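Colleague: Next comes run.cif, mmCIF, C-alpha atoms:
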```
data_target
loop_
_atom_site.group_PDB
_atom_site.id
_atom_site.type_symbol
_atom_site.label_atom_id
_atom_site.label_comp_id
_atom_site.auth_asym_id
_atom_site.auth_seq_id
_atom_site.Cartn_x
_atom_site.Cartn_y
_atom_site.Cartn_z
ATOM 1 C CA MET J 22 233.134 158.763 72.624
ATOM 2 C CA ALA J 23 231.131 161.417 74.497
ATOM 3 C CA THR J 24 232.620 164.834 73.935
ATOM 4 C CA LYS J 25 232.210 167.847 76.154
ATOM 5 C CA ILE J 26 232.838 171.521 75.610
ATOM 6 C CA ARG J 27 234.331 172.603 78.906
ATOM 7 C CA LEU J 28 236.587 175.109 80.584
ATOM 8 C CA GLN J 29 240.227 174.330 81.307
ATOM 9 C CA ARG J 30 241.677 176.376 84.179
ATOM 10 C CA HIS J 31 244.859 178.437 83.874
ATOM 11 C CA GLY J 32 246.373 181.301 85.843
ATOM 12 C CA ARG J 33 247.407 181.789 89.404
ATOM 13 C CA LYS J 34 245.452 181.407 92.618
ATOM 14 C CA GLY J 35 242.738 184.024 92.871
ATOM 15 C CA TYR J 36 243.215 185.117 89.247
ATOM 16 C CA ALA J 37 242.028 182.252 87.084
ATOM 17 C CA PHE J 38 241.326 182.413 83.384
ATOM 18 C CA TYR J 39 240.080 179.571 81.239
ATOM 19 C CA SER J 40 240.506 177.972 77.854
ATOM 20 C CA ILE J 41 237.342 176.696 76.177
ATOM 21 C CA VAL J 42 238.225 173.209 74.949
ATOM 22 C CA ILE J 43 236.690 170.137 73.359
ATOM 23 C CA ALA J 44 237.534 167.118 75.516
ATOM 24 C CA ASP J 45 236.471 163.570 76.217
ATOM 25 C CA ALA J 46 233.849 163.540 78.975
ATOM 26 C CA ARG J 47 236.042 161.143 80.990
ATOM 27 C CA ALA J 48 239.145 163.383 80.826
ATOM 28 C CA PRO J 49 239.972 165.494 83.890
ATOM 29 C CA ARG J 50 239.264 169.235 83.838
ATOM 30 C CA ASP J 51 242.839 170.298 83.127
ATOM 31 C CA GLY J 52 243.807 167.132 81.270
ATOM 32 C CA LYS J 53 243.996 166.031 77.680
ATOM 33 C CA PHE J 54 241.763 167.796 75.165
ATOM 34 C CA THR J 55 240.948 167.496 71.468
ATOM 35 C CA GLU J 56 240.791 171.140 70.391
ATOM 36 C CA LYS J 57 240.957 174.609 71.919
ATOM 37 C CA ILE J 58 238.189 176.844 70.560
ATOM 38 C CA GLY J 59 238.557 179.949 72.706
ATOM 39 C CA THR J 60 239.383 181.658 75.985
ATOM 40 C CA TYR J 61 237.325 183.081 78.845
ATOM 41 C CA ASN J 62 238.667 185.663 81.304
ATOM 42 C CA PRO J 63 236.189 186.401 84.128
ATOM 43 C CA ASN J 64 238.615 188.839 85.816
ATOM 44 C CA THR J 65 237.766 191.744 83.526
ATOM 45 C CA ASN J 66 234.564 193.767 83.689
ATOM 46 C CA PRO J 67 232.715 192.654 81.599
ATOM 47 C CA ALA J 68 234.231 189.173 81.245
ATOM 48 C CA THR J 69 236.352 188.778 78.100
ATOM 49 C CA VAL J 70 235.495 185.910 75.766
ATOM 50 C CA ASP J 71 237.503 185.098 72.643
ATOM 51 C CA LEU J 72 235.718 182.346 70.735
ATOM 52 C CA ASN J 73 236.229 180.688 67.346
ATOM 53 C CA PHE J 74 232.568 180.876 66.346
ATOM 54 C CA GLU J 75 232.771 178.486 63.381
ATOM 55 C CA ARG J 76 234.504 175.686 65.323
ATOM 56 C CA ALA J 77 232.197 176.110 68.312
ATOM 57 C CA LEU J 78 229.161 175.862 66.030
ATOM 58 C CA TYR J 79 230.614 172.782 64.329
ATOM 59 C CA TRP J 80 231.203 170.986 67.633
ATOM 60 C CA VAL J 81 227.757 171.858 69.004
ATOM 61 C CA GLU J 82 226.126 170.606 65.797
ATOM 62 C CA VAL J 83 228.009 167.276 65.877
ATOM 63 C CA GLY J 84 226.783 166.628 69.409
ATOM 64 C CA ALA J 85 229.394 167.923 71.862
ATOM 65 C CA GLN J 86 227.667 168.743 75.145
ATOM 66 C CA PRO J 87 228.691 172.050 76.738
ATOM 67 C CA THR J 88 228.925 172.450 80.502
ATOM 68 C CA ASP J 89 226.565 174.983 82.104
ATOM 69 C CA THR J 90 229.079 177.832 82.091
ATOM 70 C CA VAL J 91 230.149 177.116 78.524
ATOM 71 C CA ARG J 92 226.498 176.889 77.446
ATOM 72 C CA ASN J 93 225.969 180.409 78.840
ATOM 73 C CA ILE J 94 229.059 181.662 77.001
ATOM 74 C CA LEU J 95 227.946 180.027 73.741
ATOM 75 C CA SER J 96 224.437 181.437 74.134
ATOM 76 C CA ASP J 97 225.869 184.882 74.798
ATOM 77 C CA LYS J 98 227.974 184.696 71.634
ATOM 78 C CA GLY J 99 225.058 183.385 69.532
ATOM 79 C CA VAL J 100 226.334 179.869 68.832
ATOM 80 C CA MET J 101 223.246 178.210 70.318
ATOM 81 C CA LEU J 102 220.930 180.548 68.369
ATOM 82 C CA MET J 103 222.771 179.761 65.126
ATOM 83 C CA LYS J 104 222.428 176.020 65.842
ATOM 84 C CA HIS J 105 218.699 176.550 66.338
ATOM 85 C CA LEU J 106 218.403 178.555 63.103
ATOM 86 C CA ASN J 107 220.394 175.931 61.170
ATOM 87 C CA GLY J 108 217.971 173.282 62.476
ATOM 88 C CA GLY J 109 215.100 175.362 61.052
ATOM 89 C CA VAL J 110 216.876 175.542 57.706
ATOM 90 C CA ARG J 111 217.381 171.738 57.632
ATOM 91 C CA LYS J 112 213.692 171.194 58.433
ATOM 92 C CA GLY J 113 212.644 173.605 55.680
ATOM 93 C CA ALA J 114 210.974 176.184 57.944
ATOM 94 C CA PHE J 115 212.967 178.964 56.231
ATOM 95 C CA ASP J 116 215.989 179.300 53.976
ATOM 96 C CA GLU J 117 219.623 180.155 54.741
ATOM 97 C CA ALA J 118 219.226 183.868 53.902
ATOM 98 C CA VAL J 119 216.352 184.300 56.368
ATOM 99 C CA ALA J 120 218.332 182.468 59.052
ATOM 100 C CA GLN J 121 221.338 184.734 58.467
ATOM 101 C CA ALA J 122 219.111 187.841 58.529
ATOM 102 C CA LYS J 123 217.576 186.758 61.863
ATOM 103 C CA PHE J 124 221.032 186.119 63.302
ATOM 104 C CA GLU J 125 222.332 189.515 62.137
ATOM 105 C CA ALA J 126 219.269 191.265 63.617
ATOM 106 C CA TRP J 127 219.859 189.471 66.932
ATOM 107 C CA LYS J 128 223.550 190.367 66.842
ATOM 108 C CA GLN J 129 222.814 194.030 66.109
ATOM 109 C CA ASN J 130 220.229 194.197 68.915
ATOM 110 C CA LYS J 131 222.719 192.643 71.331
ATOM 111 C CA GLU J 132 225.414 195.169 70.345
ATOM 112 C CA GLN J 133 222.977 198.043 70.937
ATOM 113 C CA LYS J 134 222.179 196.718 74.419
ATOM 114 C CA ILE J 135 225.881 196.321 75.236
ATOM 115 C CA ASP J 136 226.615 199.858 73.992
ATOM 116 C CA ALA J 137 223.748 201.220 76.101
ATOM 117 C CA VAL J 138 225.141 199.494 79.203
ATOM 118 C CA ARG J 139 228.645 200.788 78.470
ATOM 119 C CA THR J 140 227.334 204.324 77.976
ATOM 120 C CA LYS J 141 225.328 204.146 81.189
ATOM 121 C CA THR J 142 228.325 202.794 83.118
ATOM 122 C CA ALA J 143 230.578 205.520 81.733
ATOM 123 C CA ALA J 144 228.028 208.191 82.670
ATOM 124 C CA GLU J 145 227.728 206.795 86.198
ATOM 125 C CA LYS J 146 231.516 206.749 86.603
ATOM 126 C CA LYS J 147 231.709 210.337 85.366
ATOM 127 C CA ALA J 148 228.971 211.430 87.790
ATOM 128 C CA VAL J 149 230.764 209.725 90.681
ATOM 129 C CA LEU J 150 234.047 211.422 89.750
ATOM 130 C CA GLU J 151 232.341 214.819 89.500
ATOM 131 C CA ALA J 152 230.672 214.318 92.889
ATOM 132 C CA ARG J 153 234.035 213.359 94.375
ATOM 133 C CA LEU J 154 235.644 216.424 92.843
ATOM 134 C CA GLU J 155 232.932 218.699 94.263
ATOM 135 C CA ALA J 156 233.318 217.118 97.710
ATOM 136 C CA GLU J 157 237.075 217.571 97.522
ATOM 137 C CA LYS J 158 236.634 221.211 96.485
ATOM 138 C CA LYS J 159 234.375 221.805 99.515
ATOM 139 C CA VAL J 160 236.924 220.191 101.819
ATOM 140 C CA ASN J 161 239.703 222.283 100.269
ATOM 141 C CA GLU J 162 237.614 225.462 100.712
ATOM 142 C CA LYS J 163 237.062 224.643 104.400
ATOM 143 C CA ILE J 164 240.780 224.029 104.839
ATOM 144 C CA ALA J 165 241.561 227.297 103.035
ATOM 145 C CA GLU J 166 239.110 229.145 105.331
ATOM 146 C CA LYS J 167 240.757 227.651 108.424
ATOM 147 C CA VAL J 168 244.214 228.584 107.116
ATOM 148 C CA ALA J 169 243.008 232.122 106.329
ATOM 149 C CA GLU J 170 241.485 232.435 109.827
ATOM 150 C CA LYS J 171 244.693 231.176 111.381
ATOM 151 C CA LYS J 172 246.799 233.599 109.316
ATOM 152 C CA ALA J 173 244.425 236.449 110.180
ATOM 153 C CA ALA J 174 244.672 235.537 113.876
ATOM 154 C CA GLU J 175 248.472 235.375 113.614
ATOM 155 C CA ALA J 176 248.528 238.723 111.766
ATOM 156 C CA ALA J 177 246.238 240.270 114.418
ATOM 157 C CA ALA J 178 248.443 238.907 117.196
ATOM 158 C CA LYS J 179 251.535 240.193 115.423
ATOM 159 C CA ALA J 180 249.906 243.612 114.874
ATOM 160 C CA GLU J 181 248.838 243.656 118.524
ATOM 161 C CA ALA J 182 252.370 242.810 119.631
ATOM 162 C CA GLU J 183 253.801 245.488 117.334
ATOM 163 C CA ALA J 184 251.257 247.981 118.653
ATOM 164 C CA ALA J 185 252.246 247.093 122.224
ATOM 165 C CA VAL J 186 255.945 247.500 121.359
ATOM 166 C CA ALA J 187 255.215 250.813 119.622
ATOM 167 C CA ALA J 188 253.181 251.967 122.638
ATOM 168 C CA GLU J 189 256.064 251.070 124.944
ATOM 169 C CA GLN J 190 258.510 252.928 122.711
ATOM 170 C CA THR J 191 256.281 256.001 122.610
ATOM 171 C CA ALA J 192 255.820 255.732 126.367
ATOM 172 C CA GLU J 193 259.600 255.504 126.843
ATOM 173 C CA GLU J 194 260.150 258.467 124.506
ATOM 174 C CA ALA J 195 257.368 260.379 126.191
ATOM 175 C CA ALA J 196 258.746 259.645 129.686
ATOM 176 C CA PRO J 197 262.080 261.521 129.217
ATOM 177 C CA ALA J 198 260.220 264.393 127.591
ATOM 178 C CA GLU J 199 257.870 264.557 130.587
ATOM 179 C CA GLU J 200 260.820 264.389 132.966
ATOM 180 C CA ALA J 201 262.457 267.232 131.087
ATOM 181 C CA GLN J 202 259.290 269.280 131.293
ATOM 182 C CA ALA J 203 258.936 268.405 134.945
ATOM 183 C CA GLU J 204 262.506 269.584 135.665
ATOM 184 C CA ALA J 205 262.050 272.777 133.845
#
```
What do you get writing this file as structure tokens?
Modeller:
Amino acid sequence: MATKIRLQRHGRKGYAFYSIVIADARAPRDGKFTEKIGTYNPNTNPATVDLNFERALYWVEVGAQPTDTVRNILSDKGVMLMKHLNGGVRKGAFDEAVAQAKFEAWKQNKEQKIDAVRTKTAAEKKAVLEARLEAEKKVNEKIAEKVAEKKAAEAAAKAEAEAAVAAEQTAEEAAPAEEAQAEA
């Protein structure tokens, strides 16, 4: 029986996530499977992969053929590298301790790269947010200036109207006084 390591689709339309399963090569994509060894969610950034490393390594070593996408996932998680290192151990190129040391060094290097990408992404997001905040502050300052100009114009108009009313009142008060002086 030819076995495949493949993805089995779950989820709703437009929001799929997958189970990583061991299945007969003749079985349909979402059909009968032998064993579930993990999950893959491409909807998150970065994609989330939960994999049973030991079982995946076992199935790859006994000859299960992964599909292209699963091969990339297994390579990313180090299963294919471990298979390669175990082949070197069986051939006598190096011993188990050296193989484990090489795998740990690879794993540590990969974690450093992932942390660097995460740090860079976080810094970029922070810079974008700061730029947005500065732009919003500028817009708010312009709005505040317009409001201040409008209030100043309204205050000037109100002062002008009050001055005109006061001038009329003084003119009215001055008019009877002038009439009284004119009569006298």
Colleague: If I take atom CA of Gly108 of chain J and atom CA of Ile43 of chain J, how far is one from the other in Å, to one decimal?
Modeller: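 These two atoms are separated by 21.9 Å.
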Colleague: If you apply the PyMOL selection byres ((chain J and resi 105) around 12) to this file, what residues do you get, as a list in words?
Modeller: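 Answer for the PyMOL selection byres ((chain J and resi 105) around 12): Leu78, Val81, Glu82, Ser96, Gly99, Val100, Met101, Leu102, Met103, Lys104, Leu106, Asn107, Gly108, Gly109, Val110, Arg111, Lys112, Ala114, Phe115, Ala120, Gln121, Lys123 and Phe124 of chain J.
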Colleague: Evaluated on this file, the PyMOL selection byres ((chain J and resi 50-58) around 10) picks out some residues - which ones are they, written as a PyMOL selection string?
Modeller: chain J and resi 24-31+39-49+59-60+71-77+80
Colleague: To box segment 161-177 of chain J, take all atoms listed in the file, fit an axis-aligned box, add 4 Å on each side, and give centre and edge lengths in Å to one decimal, as lines of an AutoDock Vina configuration file.
Modeller:
```
center_x = 242.8
center_y = 231.3
center_z = 107.3
size_x = 19.5
size_y = 26.0
size_z = 22.1
```
Colleague: Hey, can you check how far atom CA of Lys131 of chain J sits from atom CA of Lys98 of chain J?
Modeller: 9.5 Å
Colleague: Between atom CA of Ala144 of chain J and atom CA of Lys163 of chain J, what is the distance, to one decimal in Å?
Modeller: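 One can read the atom CA of Ala144 of chain J to atom CA of Lys163 of chain J distance as 28.7 Å.
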Colleague: Once N, CA, C and O atoms are restored for segment 154-175 of chain J, what would the output be as a short mmCIF file (atom, residue, chain, number, x, y, z; two decimals), in the coordinates of the input?
Modeller:
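This is the output file out_20.cif:
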```
data_model
loop_
_atom_site.label_atom_id
_atom_site.label_comp_id
_atom_site.auth_asym_id
_atom_site.auth_seq_id
_atom_site.Cartn_x
_atom_site.Cartn_y
_atom_site.Cartn_z
N LEU J 154 234.92 215.18 93.06
CA LEU J 154 235.64 216.42 92.84
C LEU J 154 234.98 217.58 93.60
O LEU J 154 235.66 218.39 94.23
N GLU J 155 233.66 217.65 93.54
CA GLU J 155 232.93 218.70 94.26
C GLU J 155 233.15 218.57 95.77
O GLU J 155 233.38 219.56 96.46
N ALA J 156 233.09 217.34 96.28
CA ALA J 156 233.32 217.12 97.71
C ALA J 156 234.74 217.53 98.09
O ALA J 156 234.95 218.17 99.14
N GLU J 157 235.68 217.20 97.24
CA GLU J 157 237.08 217.57 97.52
C GLU J 157 237.25 219.09 97.49
O GLU J 157 237.97 219.64 98.32
N LYS J 158 236.56 219.75 96.54
CA LYS J 158 236.63 221.21 96.48
C LYS J 158 236.08 221.83 97.77
O LYS J 158 236.65 222.79 98.29
N LYS J 159 234.96 221.29 98.27
CA LYS J 159 234.38 221.80 99.52
C LYS J 159 235.34 221.63 100.68
O LYS J 159 235.51 222.53 101.49
N VAL J 160 235.95 220.46 100.75
CA VAL J 160 236.92 220.19 101.82
C VAL J 160 238.09 221.16 101.70
O VAL J 160 238.54 221.74 102.71
N ASN J 161 238.58 221.36 100.48
CA ASN J 161 239.70 222.28 100.27
C ASN J 161 239.32 223.72 100.64
O ASN J 161 240.13 224.46 101.20
N GLU J 162 238.07 224.13 100.33
CA GLU J 162 237.61 225.46 100.71
C GLU J 162 237.59 225.62 102.23
O GLU J 162 237.99 226.65 102.76
N LYS J 163 237.09 224.59 102.93
CA LYS J 163 237.06 224.64 104.40
C LYS J 163 238.48 224.74 104.96
O LYS J 163 238.74 225.52 105.88
N ILE J 164 239.39 223.98 104.39
CA ILE J 164 240.78 224.03 104.84
C ILE J 164 241.36 225.42 104.57
O ILE J 164 242.05 225.99 105.42
N ALA J 165 241.06 225.97 103.38
CA ALA J 165 241.56 227.30 103.04
C ALA J 165 241.00 228.35 104.00
O ALA J 165 241.72 229.27 104.41
N GLU J 166 239.71 228.22 104.36
CA GLU J 166 239.11 229.14 105.33
C GLU J 166 239.81 229.05 106.68
O GLU J 166 240.11 230.07 107.30
N LYS J 167 240.07 227.83 107.14
CA LYS J 167 240.76 227.65 108.42
C LYS J 167 242.15 228.25 108.38
O LYS J 167 242.58 228.90 109.32
N VAL J 168 242.86 228.03 107.27
CA VAL J 168 244.21 228.58 107.12
C VAL J 168 244.15 230.11 107.10
O VAL J 168 244.96 230.78 107.74
N ALA J 169 243.16 230.67 106.38
CA ALA J 169 243.01 232.12 106.33
C ALA J 169 242.69 232.68 107.71
O ALA J 169 243.24 233.72 108.12
N GLU J 170 241.81 232.00 108.47
CA GLU J 170 241.48 232.44 109.83
C GLU J 170 242.73 232.39 110.71
O GLU J 170 242.99 233.31 111.49
N LYS J 171 243.48 231.32 110.57
CA LYS J 171 244.69 231.18 111.38
C LYS J 171 245.70 232.27 111.03
O LYS J 171 246.29 232.88 111.93
N LYS J 172 245.88 232.54 109.73
CA LYS J 172 246.80 233.60 109.32
C LYS J 172 246.31 234.96 109.79
O LYS J 172 247.10 235.80 110.22
N ALA J 173 244.99 235.18 109.72
CA ALA J 173 244.42 236.45 110.18
C ALA J 173 244.65 236.60 111.69
O ALA J 173 245.00 237.68 112.18
N ALA J 174 244.45 235.49 112.43
CA ALA J 174 244.67 235.54 113.88
C ALA J 174 246.15 235.80 114.17
O ALA J 174 246.47 236.61 115.07
N GLU J 175 247.04 235.13 113.42
CA GLU J 175 248.47 235.38 113.61
C GLU J 175 248.83 236.81 113.26
O GLU J 175 249.61 237.46 113.98
#
```
